[in-house]
>>> print(open('coords-v3.cif').read())   # mmCIF, C-alpha atoms and all ligand atoms
data_query
#
loop_
_atom_site.group_PDB
_atom_site.id
_atom_site.type_symbol
_atom_site.label_atom_id
_atom_site.label_comp_id
_atom_site.auth_asym_id
_atom_site.auth_seq_id
_atom_site.Cartn_x
_atom_site.Cartn_y
_atom_site.Cartn_z
ATOM 1 C CA MET G 1 6.688 19.365 9.279
ATOM 2 C CA GLY G 2 5.768 18.797 12.869
ATOM 3 C CA TYR G 3 5.041 15.251 13.782
ATOM 4 C CA SER G 4 1.833 14.577 15.629
ATOM 5 C CA MET G 5 -0.102 11.415 16.284
ATOM 6 C CA ARG G 6 -3.802 12.020 16.574
ATOM 7 C CA PHE G 7 -4.937 8.933 18.388
ATOM 8 C CA THR G 8 -7.765 8.308 20.763
ATOM 9 C CA ALA G 9 -7.649 5.664 23.460
ATOM 10 C CA VAL G 10 -10.880 3.741 23.780
ATOM 11 C CA GLU G 11 -11.896 1.772 26.844
ATOM 12 C CA ARG G 12 -11.637 -1.990 26.922
ATOM 13 C CA GLN G 13 -14.583 -3.793 25.405
ATOM 14 C CA PRO G 14 -16.180 -6.905 26.915
ATOM 15 C CA LEU G 15 -14.862 -10.192 25.605
ATOM 16 C CA PRO G 16 -17.334 -11.319 22.934
ATOM 17 C CA PRO G 17 -18.497 -14.928 22.773
ATOM 18 C CA PHE G 18 -16.057 -17.324 21.066
ATOM 19 C CA TRP G 19 -13.647 -14.483 20.742
ATOM 20 C CA GLY G 20 -10.468 -15.690 19.136
ATOM 21 C CA SER G 21 -11.811 -18.916 17.729
ATOM 22 C CA ASN G 22 -13.144 -17.276 14.600
ATOM 23 C CA PRO G 23 -11.500 -14.142 13.187
ATOM 24 C CA ALA G 24 -14.802 -13.019 11.679
ATOM 25 C CA SER G 25 -16.385 -12.973 15.121
ATOM 26 C CA ARG G 26 -13.939 -10.422 16.438
ATOM 27 C CA THR G 27 -14.915 -6.806 16.474
ATOM 28 C CA SER G 28 -12.825 -4.428 14.427
ATOM 29 C CA LYS G 29 -11.648 -2.795 17.644
ATOM 30 C CA SER G 30 -10.405 -6.037 19.079
ATOM 31 C CA ALA G 31 -8.799 -6.879 15.742
ATOM 32 C CA VAL G 32 -6.801 -3.676 15.943
ATOM 33 C CA ARG G 33 -5.768 -4.480 19.479
ATOM 34 C CA GLN G 34 -4.764 -7.954 18.428
ATOM 35 C CA GLU G 35 -2.641 -6.712 15.552
ATOM 36 C CA ILE G 36 -0.781 -4.233 17.702
ATOM 37 C CA LEU G 37 0.091 -6.760 20.353
ATOM 38 C CA ALA G 38 0.675 -9.568 17.896
ATOM 39 C CA GLU G 39 3.349 -7.456 16.263
ATOM 40 C CA SER G 40 4.891 -6.655 19.620
ATOM 41 C CA ILE G 41 4.900 -10.238 20.746
ATOM 42 C CA SER G 42 6.261 -11.600 17.484
ATOM 43 C CA CYS G 43 9.043 -9.014 17.731
ATOM 44 C CA LEU G 44 9.920 -10.434 21.118
ATOM 45 C CA GLY G 45 10.160 -13.906 19.645
ATOM 46 C CA LEU G 46 7.289 -15.225 21.707
ATOM 47 C CA GLY G 47 5.199 -16.506 18.828
ATOM 48 C CA LEU G 48 4.780 -19.916 20.392
ATOM 49 C CA ILE G 49 1.038 -19.611 20.622
ATOM 50 C CA GLY G 50 -1.158 -19.378 17.535
ATOM 51 C CA ARG G 51 -2.419 -15.893 16.815
ATOM 52 C CA ASN G 52 -6.008 -16.997 16.670
ATOM 53 C CA SER G 53 -5.922 -19.311 19.644
ATOM 54 C CA LEU G 54 -8.155 -18.495 22.564
ATOM 55 C CA PRO G 55 -5.296 -18.349 25.122
ATOM 56 C CA PHE G 56 -3.374 -15.948 22.927
ATOM 57 C CA ASN G 57 -6.310 -13.608 22.504
ATOM 58 C CA PHE G 58 -7.152 -13.795 26.164
ATOM 59 C CA ILE G 59 -3.619 -12.736 27.042
ATOM 60 C CA LEU G 60 -3.867 -9.788 24.676
ATOM 61 C CA TRP G 61 -7.234 -8.752 26.068
ATOM 62 C CA THR G 62 -5.955 -8.997 29.618
ATOM 63 C CA LEU G 63 -2.733 -7.130 29.076
ATOM 64 C CA HIS G 64 -3.866 -4.403 26.756
ATOM 65 C CA PRO G 65 -6.650 -2.211 28.096
ATOM 66 C CA TYR G 66 -6.610 0.298 25.251
ATOM 67 C CA HIS G 67 -6.415 0.280 21.523
ATOM 68 C CA ILE G 68 -5.800 2.870 18.892
ATOM 69 C CA VAL G 69 -8.269 4.576 16.614
ATOM 70 C CA MET G 70 -7.078 7.205 14.180
ATOM 71 C CA HIS G 71 -9.246 10.136 13.277
ATOM 72 C CA ILE G 72 -9.218 11.122 9.642
ATOM 73 C CA GLU G 73 -8.568 14.832 9.193
ATOM 74 C CA SER G 74 -9.435 17.240 6.397
ATOM 75 C CA THR G 75 -5.720 17.473 5.627
ATOM 76 C CA ASP G 76 -5.431 13.721 5.043
ATOM 77 C CA CYS G 77 -5.317 12.230 1.570
ATOM 78 C CA LEU G 78 -5.927 8.628 0.582
ATOM 79 C CA ILE G 79 -3.722 7.535 -2.313
ATOM 80 C CA VAL G 80 -4.750 4.480 -4.323
ATOM 81 C CA ILE G 81 -1.795 3.054 -6.234
ATOM 82 C CA ASP G 82 -2.251 1.202 -9.530
ATOM 83 C CA VAL G 83 -5.382 -0.857 -8.876
ATOM 84 C CA GLN G 84 -5.505 -1.797 -12.545
ATOM 85 C CA ASN G 85 -6.652 -4.892 -14.394
ATOM 86 C CA ASP G 86 -3.147 -5.996 -15.369
ATOM 87 C CA PHE G 87 -2.127 -6.163 -11.706
ATOM 88 C CA CYS G 88 -5.155 -8.240 -10.725
ATOM 89 C CA PRO G 89 -5.692 -11.999 -11.224
ATOM 90 C CA GLY G 90 -5.834 -12.778 -14.941
ATOM 91 C CA GLY G 91 -3.856 -9.648 -15.779
ATOM 92 C CA ALA G 92 -0.512 -9.455 -17.556
ATOM 93 C CA LEU G 93 1.454 -8.759 -14.364
ATOM 94 C CA GLU G 94 -0.767 -10.404 -11.831
ATOM 95 C CA VAL G 95 -0.232 -9.605 -8.174
ATOM 96 C CA PRO G 96 -1.443 -12.618 -6.175
ATOM 97 C CA HIS G 97 -4.849 -11.798 -4.698
ATOM 98 C CA GLY G 98 -4.508 -8.267 -6.048
ATOM 99 C CA ASP G 99 -8.243 -7.909 -6.543
ATOM 100 C CA GLU G 100 -8.818 -8.466 -2.814
ATOM 101 C CA VAL G 101 -7.762 -4.885 -2.151
ATOM 102 C CA VAL G 102 -10.764 -3.519 -4.043
ATOM 103 C CA PRO G 103 -13.485 -3.951 -1.384
ATOM 104 C CA VAL G 104 -11.099 -2.754 1.332
ATOM 105 C CA ILE G 105 -10.221 0.375 -0.633
ATOM 106 C CA ASN G 106 -13.863 0.977 -1.559
ATOM 107 C CA SER G 107 -14.764 0.927 2.128
ATOM 108 C CA LEU G 108 -12.049 3.510 2.811
ATOM 109 C CA LEU G 109 -13.060 5.826 -0.004
ATOM 110 C CA GLY G 110 -16.115 6.909 1.900
ATOM 111 C CA LYS G 111 -14.084 7.763 4.996
ATOM 112 C CA PHE G 112 -11.573 10.133 3.427
ATOM 113 C CA ALA G 113 -12.589 13.525 2.138
ATOM 114 C CA HIS G 114 -9.764 13.519 -0.391
ATOM 115 C CA GLU G 115 -8.522 10.806 -2.718
ATOM 116 C CA VAL G 116 -5.896 10.511 -5.419
ATOM 117 C CA MET G 117 -5.512 7.513 -7.717
ATOM 118 C CA THR G 118 -2.561 6.498 -9.862
ATOM 119 C CA GLN G 119 -2.206 4.433 -13.017
ATOM 120 C CA ASP G 120 0.823 2.738 -14.489
ATOM 121 C CA TRP G 121 0.626 4.006 -18.078
ATOM 122 C CA HIS G 122 3.276 2.684 -20.462
ATOM 123 C CA PRO G 123 3.834 3.059 -24.200
ATOM 124 C CA ALA G 124 4.030 -0.330 -25.985
ATOM 125 C CA ASP G 125 7.783 0.094 -26.539
ATOM 126 C CA HIS G 126 8.502 0.818 -22.885
ATOM 127 C CA PHE G 127 11.983 -0.098 -21.659
ATOM 128 C CA SER G 128 10.656 -1.924 -18.599
ATOM 129 C CA PHE G 129 9.134 -4.623 -20.826
ATOM 130 C CA ALA G 130 11.263 -7.749 -21.323
ATOM 131 C CA SER G 131 9.814 -7.960 -24.843
ATOM 132 C CA ASN G 132 11.802 -4.857 -25.742
ATOM 133 C CA HIS G 133 15.110 -6.463 -24.699
ATOM 134 C CA PRO G 134 16.023 -9.323 -27.094
ATOM 135 C CA GLY G 135 17.139 -12.446 -25.237
ATOM 136 C CA LYS G 136 15.693 -11.293 -21.925
ATOM 137 C CA SER G 137 12.784 -12.866 -20.087
ATOM 138 C CA PRO G 138 10.288 -11.297 -17.681
ATOM 139 C CA PHE G 139 11.577 -10.898 -14.119
ATOM 140 C CA GLU G 140 15.228 -10.819 -15.189
ATOM 141 C CA THR G 141 17.059 -7.576 -14.598
ATOM 142 C CA THR G 142 19.024 -5.301 -16.903
ATOM 143 C CA GLU G 143 21.102 -2.178 -16.538
ATOM 144 C CA LEU G 144 19.548 1.037 -17.771
ATOM 145 C CA ASP G 145 20.944 4.565 -17.632
ATOM 146 C CA TYR G 146 19.638 5.025 -14.103
ATOM 147 C CA GLY G 147 20.681 1.636 -12.723
ATOM 148 C CA GLU G 148 19.237 -1.841 -12.400
ATOM 149 C CA GLN G 149 15.742 -2.385 -13.746
ATOM 150 C CA VAL G 150 13.536 -5.457 -13.346
ATOM 151 C CA LEU G 151 12.108 -6.474 -16.711
ATOM 152 C CA TRP G 152 8.387 -7.114 -16.620
ATOM 153 C CA PRO G 153 5.840 -8.726 -18.902
ATOM 154 C CA ASP G 154 4.130 -6.131 -21.104
ATOM 155 C CA HIS G 155 1.573 -4.483 -18.841
ATOM 156 C CA CYS G 156 -0.602 -1.411 -18.465
ATOM 157 C CA VAL G 157 -0.127 -0.357 -22.076
ATOM 158 C CA GLN G 158 -1.721 3.017 -22.649
ATOM 159 C CA GLY G 159 -5.340 2.720 -23.697
ATOM 160 C CA SER G 160 -5.549 -1.049 -23.120
ATOM 161 C CA TYR G 161 -8.058 -2.861 -20.929
ATOM 162 C CA GLY G 162 -5.184 -3.925 -18.684
ATOM 163 C CA ALA G 163 -4.374 -0.297 -17.947
ATOM 164 C CA GLU G 164 -7.900 0.509 -16.842
ATOM 165 C CA PHE G 165 -8.830 0.617 -13.184
ATOM 166 C CA HIS G 166 -10.361 -2.578 -11.787
ATOM 167 C CA PRO G 167 -14.024 -2.382 -12.829
ATOM 168 C CA GLU G 168 -15.273 -2.610 -9.246
ATOM 169 C CA LEU G 169 -13.011 0.105 -7.877
ATOM 170 C CA LYS G 170 -15.024 3.208 -7.046
ATOM 171 C CA THR G 171 -13.187 5.960 -8.858
ATOM 172 C CA THR G 172 -15.764 8.728 -9.108
ATOM 173 C CA GLY G 173 -14.744 10.407 -5.852
ATOM 174 C CA ALA G 174 -11.087 10.729 -6.786
ATOM 175 C CA GLU G 175 -9.960 14.333 -7.054
ATOM 176 C CA MET G 176 -7.008 13.511 -9.222
ATOM 177 C CA SER G 177 -5.833 10.581 -11.313
ATOM 178 C CA LEU G 178 -2.102 10.592 -11.882
ATOM 179 C CA ARG G 179 -0.473 8.585 -14.660
ATOM 180 C CA LYS G 180 3.143 7.492 -14.445
ATOM 181 C CA GLY G 181 5.643 5.478 -16.464
ATOM 182 C CA TYR G 182 4.637 7.110 -19.742
ATOM 183 C CA MET G 183 8.197 7.967 -20.804
ATOM 184 C CA LYS G 184 9.703 5.230 -22.970
ATOM 185 C CA ASN G 185 13.160 5.188 -21.422
ATOM 186 C CA ILE G 186 12.326 5.288 -17.760
ATOM 187 C CA ASP G 187 10.105 3.308 -15.432
ATOM 188 C CA SER G 188 8.182 4.787 -12.545
ATOM 189 C CA TYR G 189 7.335 2.678 -9.539
ATOM 190 C CA SER G 190 6.811 5.668 -7.298
ATOM 191 C CA ALA G 191 3.909 8.068 -7.642
ATOM 192 C CA PHE G 192 6.345 10.862 -6.758
ATOM 193 C CA TYR G 193 9.517 10.188 -8.770
ATOM 194 C CA GLU G 194 10.510 8.235 -11.845
ATOM 195 C CA ASN G 195 12.974 5.401 -11.304
ATOM 196 C CA ASP G 196 15.961 7.669 -11.828
ATOM 197 C CA ARG G 197 14.855 9.013 -8.420
ATOM 198 C CA LYS G 198 15.241 12.575 -9.739
ATOM 199 C CA THR G 199 12.439 13.241 -12.226
ATOM 200 C CA PRO G 200 9.315 14.339 -10.346
ATOM 201 C CA THR G 201 5.781 13.400 -11.366
ATOM 202 C CA GLY G 202 4.389 16.587 -9.811
ATOM 203 C CA LEU G 203 2.466 14.808 -7.058
ATOM 204 C CA THR G 204 4.436 16.485 -4.271
ATOM 205 C CA GLY G 205 3.479 19.907 -5.584
ATOM 206 C CA TYR G 206 -0.151 18.912 -5.900
ATOM 207 C CA LEU G 207 -0.372 17.534 -2.364
ATOM 208 C CA ASN G 208 1.458 20.517 -0.899
ATOM 209 C CA SER G 209 -0.629 23.069 -2.731
ATOM 210 C CA ARG G 210 -3.775 21.347 -1.469
ATOM 211 C CA GLY G 211 -2.455 21.538 2.095
ATOM 212 C CA PHE G 212 -2.359 17.796 2.710
ATOM 213 C CA GLN G 213 -0.133 16.679 5.573
ATOM 214 C CA ARG G 214 -0.734 12.978 5.997
ATOM 215 C CA VAL G 215 -1.008 10.463 3.171
ATOM 216 C CA PHE G 216 -2.480 6.981 3.475
ATOM 217 C CA LEU G 217 -1.323 4.559 0.803
ATOM 218 C CA THR G 218 -3.198 1.581 -0.578
ATOM 219 C CA GLY G 219 -3.037 -0.557 -3.706
ATOM 220 C CA LEU G 220 -0.589 -2.628 -5.737
ATOM 221 C CA ALA G 221 1.980 -3.755 -5.162
ATOM 222 C CA THR G 222 3.182 -3.353 -1.595
ATOM 223 C CA ASP G 223 6.801 -4.096 -2.412
ATOM 224 C CA PHE G 224 7.086 -2.009 -5.564
ATOM 225 C CA CYS G 225 4.824 0.911 -6.426
ATOM 226 C CA VAL G 226 3.275 1.309 -2.974
ATOM 227 C CA GLY G 227 6.598 0.902 -1.174
ATOM 228 C CA TYR G 228 8.514 3.290 -3.423
ATOM 229 C CA SER G 229 5.687 5.826 -3.184
ATOM 230 C CA ALA G 230 5.592 5.579 0.609
ATOM 231 C CA ILE G 231 9.327 6.129 0.965
ATOM 232 C CA ASP G 232 9.259 9.079 -1.426
ATOM 233 C CA ALA G 233 6.270 10.584 0.377
ATOM 234 C CA ALA G 234 8.195 10.423 3.650
ATOM 235 C CA ARG G 235 11.214 11.927 1.934
ATOM 236 C CA GLU G 236 9.009 14.779 0.759
ATOM 237 C CA GLY G 237 7.985 15.547 4.331
ATOM 238 C CA PHE G 238 4.571 13.923 4.539
ATOM 239 C CA GLU G 239 3.482 11.765 7.431
ATOM 240 C CA VAL G 240 2.949 8.410 5.735
ATOM 241 C CA TYR G 241 0.757 5.452 6.540
ATOM 242 C CA VAL G 242 0.543 2.278 4.470
ATOM 243 C CA ILE G 243 -2.722 0.448 5.022
ATOM 244 C CA GLU G 244 -1.416 -3.100 4.812
ATOM 245 C CA ASP G 245 -4.650 -4.991 4.303
ATOM 246 C CA ALA G 246 -5.490 -2.627 1.429
ATOM 247 C CA CYS G 247 -2.303 -3.704 -0.379
ATOM 248 C CA ARG G 248 -0.947 -6.916 -1.870
ATOM 249 C CA ALA G 249 2.642 -7.785 -2.781
ATOM 250 C CA ILE G 250 4.456 -9.425 -5.688
ATOM 251 C CA ASP G 251 7.213 -10.667 -3.332
ATOM 252 C CA LEU G 252 9.913 -11.276 -5.926
ATOM 253 C CA ASP G 253 13.018 -12.847 -4.319
ATOM 254 C CA GLY G 254 12.334 -11.437 -0.877
ATOM 255 C CA SER G 255 11.256 -8.017 -2.129
ATOM 256 C CA LEU G 256 8.435 -7.739 0.384
ATOM 257 C CA ASP G 257 10.696 -8.057 3.419
ATOM 258 C CA ARG G 258 13.195 -5.633 1.921
ATOM 259 C CA SER G 259 10.459 -3.135 1.119
ATOM 260 C CA LYS G 260 9.012 -3.318 4.620
ATOM 261 C CA GLN G 261 12.428 -2.744 6.130
ATOM 262 C CA ASP G 262 13.073 0.204 3.814
ATOM 263 C CA MET G 263 9.685 1.699 4.687
ATOM 264 C CA HIS G 264 10.357 1.231 8.370
ATOM 265 C CA ASN G 265 13.736 2.936 8.015
ATOM 266 C CA ALA G 266 12.080 5.841 6.205
ATOM 267 C CA GLY G 267 9.628 6.350 9.065
ATOM 268 C CA VAL G 268 6.575 4.976 7.243
ATOM 269 C CA HIS G 269 3.827 3.665 9.531
ATOM 270 C CA MET G 270 2.116 0.364 8.756
ATOM 271 C CA ILE G 271 -1.500 0.153 9.879
ATOM 272 C CA ASP G 272 -4.620 -1.932 9.322
ATOM 273 C CA SER G 273 -7.788 -0.514 7.805
ATOM 274 C CA THR G 274 -9.634 -1.373 11.007
ATOM 275 C CA ALA G 275 -7.681 1.430 12.700
ATOM 276 C CA LEU G 276 -9.528 4.003 10.591
HETATM 277 ZN ZN ZN G 301 4.826 -0.694 -14.970
#
>>> encode(input="coords-v3.cif", output="structure tokens", more="lines below")
Ligand SMILES: [Zn+2]
Amino acid sequence: MGYSMRFTAVERQPLPPFWGSNPASRTSKSAVRQEILAESISCLGLGLIGRNSLPFNFILWTLHPYHIVMHIESTDCLIVIDVQNDFCPGGALEVPHGDEVVPVINSLLGKFAHEVMTQDWHPADHFSFASNHPGKSPFETTELDYGEQVLWPDHCVQGSYGAEFHPELKTTGAEMSLRKGYMKNIDSYSAFYENDRKTPTGLTGYLNSRGFQRVFLTGLATDFCVGYSAIDAAREGFEVYVIEDACRAIDLDGSLDRSKQDMHNAGVHMIDSTAL
């Protein structure tokens, strides 16, 4: 698939009052600009000045006359990964601040013409549950036929409240809801492939037959189901964007850093929702 970036440069905006002293006072455009340059500067090891300090923001504003806005196309699809009660605070496999993705995703749902949602959907005797491995505790690992598997607390059991979408997530506009992880002997982090990395869920065929070219991923958790889905989507030839502020991570033993590196290596783009 040909690679194309559909960006529009927008002229520099005037510096708003108190810009930089209060993140909420910044415009979304300036926030985008700040993120882009903050990443660049932190990469250069120049993070000596606080990101929200006035001098830092002034430097960014001075140096960077343009920022990036992406236009959403009819061939774009927003994919919402596993925003389910069990992954939100109070749930069986709570992702810290997982519920904070809901308003961000809801605001995006109105911008995309096409949306797909996924649900982790396990039988009660699922092999990914520590409770089904005597002597094992949640978050330990075990060897299954397809390799190492993290053992989780029982979560997203089919038909349970925990498996339902977060009650405030707007789901009515979704064109498809895909369930995964329903086979007893195999887990499925990715929305595209089970954890043996060979058994497809069918999502690639669906997206291709609908003519989608770019996918924008949101949801839970950044370093597991979102990350695996993003890498598989890139592998399947889609142009992939992970909307970072519409995701939250579990971050188990450095898993977030590893996932970000793997996504970067796979050619996945990380963006902020303010770029859309
Ligand atoms: Zn699961």
>>> closest_residue(input="coords-v3.cif", among="G:His269, G:His264, G:Arg258, G:Lys198", to="Glu239 of chain G", atoms="all atoms listed in the file")
G:His269
>>> residues_around(input="coords-v3.cif", residues="segment 164-169 of chain G", least_positions_apart="4", cutoff="12 Å", atoms="all atoms listed in the file", output="ChimeraX atom specification")
/G:80-91,98-109,117-122,155-160,173-174,177,179,219-220
>>> atom_distance(input="coords-v3.cif", atom1="atom CA of Thr75 of chain G", atom2="atom CA of Asp272 of chain G")
19.8 Å
>>> resolve_selection(input="coords-v3.cif", expression="the PyMOL selection byres (((chain G and resi 72) around 8) and not hetatm)", output="list of chain:residue names")
G:Met70, G:His71, G:Glu73, G:Ser74, G:Asp76, G:Lys111, G:Phe112, G:Leu276
>>> residues_near_point(input="coords-v3.cif", point="(-1.1, 7.9, -4.9)", cutoff="12 Å", atoms="only C-alpha atoms", output="PyMOL selection string")
chain G and resi 77-83+114-120+174-180+189-193+201-204+206-207+215-220+225-230+232-233+240-242
>>> atom_distance(input="coords-v3.cif", atom1="atom CA of Phe129 of chain G", atom2="atom CA of Lys260 of chain G")
25.5 Å
>>> resolve_selection(input="coords-v3.cif", expression="the PyMOL selection byres (((chain G and resi 245) around 7) and not hetatm)", output="list of chain:residue names")
G:Ile243, G:Glu244, G:Ala246, G:Cys247, G:Asp272, G:Ser273
>>> closest_residue(input="coords-v3.cif", among="G:Phe238, G:Tyr182, G:Tyr161, G:Phe139", to="ligand ZN 301 (chain G)", atoms="only C-alpha atoms and all ligand atoms")
G:Tyr182
>>> closest_residue(input="coords-v3.cif", among="G:His133, G:Ala163, G:Val150, G:Gly205", to="Ser255 of chain G", atoms="only C-alpha atoms")
G:Val150
>>> atom_distance(input="coords-v3.cif", atom1="atom CA of Gly162 of chain G", atom2="atom CA of Glu140 of chain G")
21.8 Å
>>> closest_residue(input="coords-v3.cif", among="G:Asp196, G:Gln261, G:Gln213, G:Asp154", to="Glu94 of chain G", atoms="all atoms listed in the file")
G:Asp154
>>> axis_aligned_box(input="coords-v3.cif", around="segment 168-183 of chain G", padding_each_side="8 Å", output="lines of an AutoDock Vina configuration file")
center_x = -3.8
center_y = 5.9
center_z = -13.3
size_x = 40.0
size_y = 32.9
size_z = 31.0
>>> closest_residue(input="coords-v3.cif", among="G:Leu256, G:Ile250, G:Leu151, G:Val268", to="Gly237 of chain G", atoms="only C-alpha atoms")
G:Val268
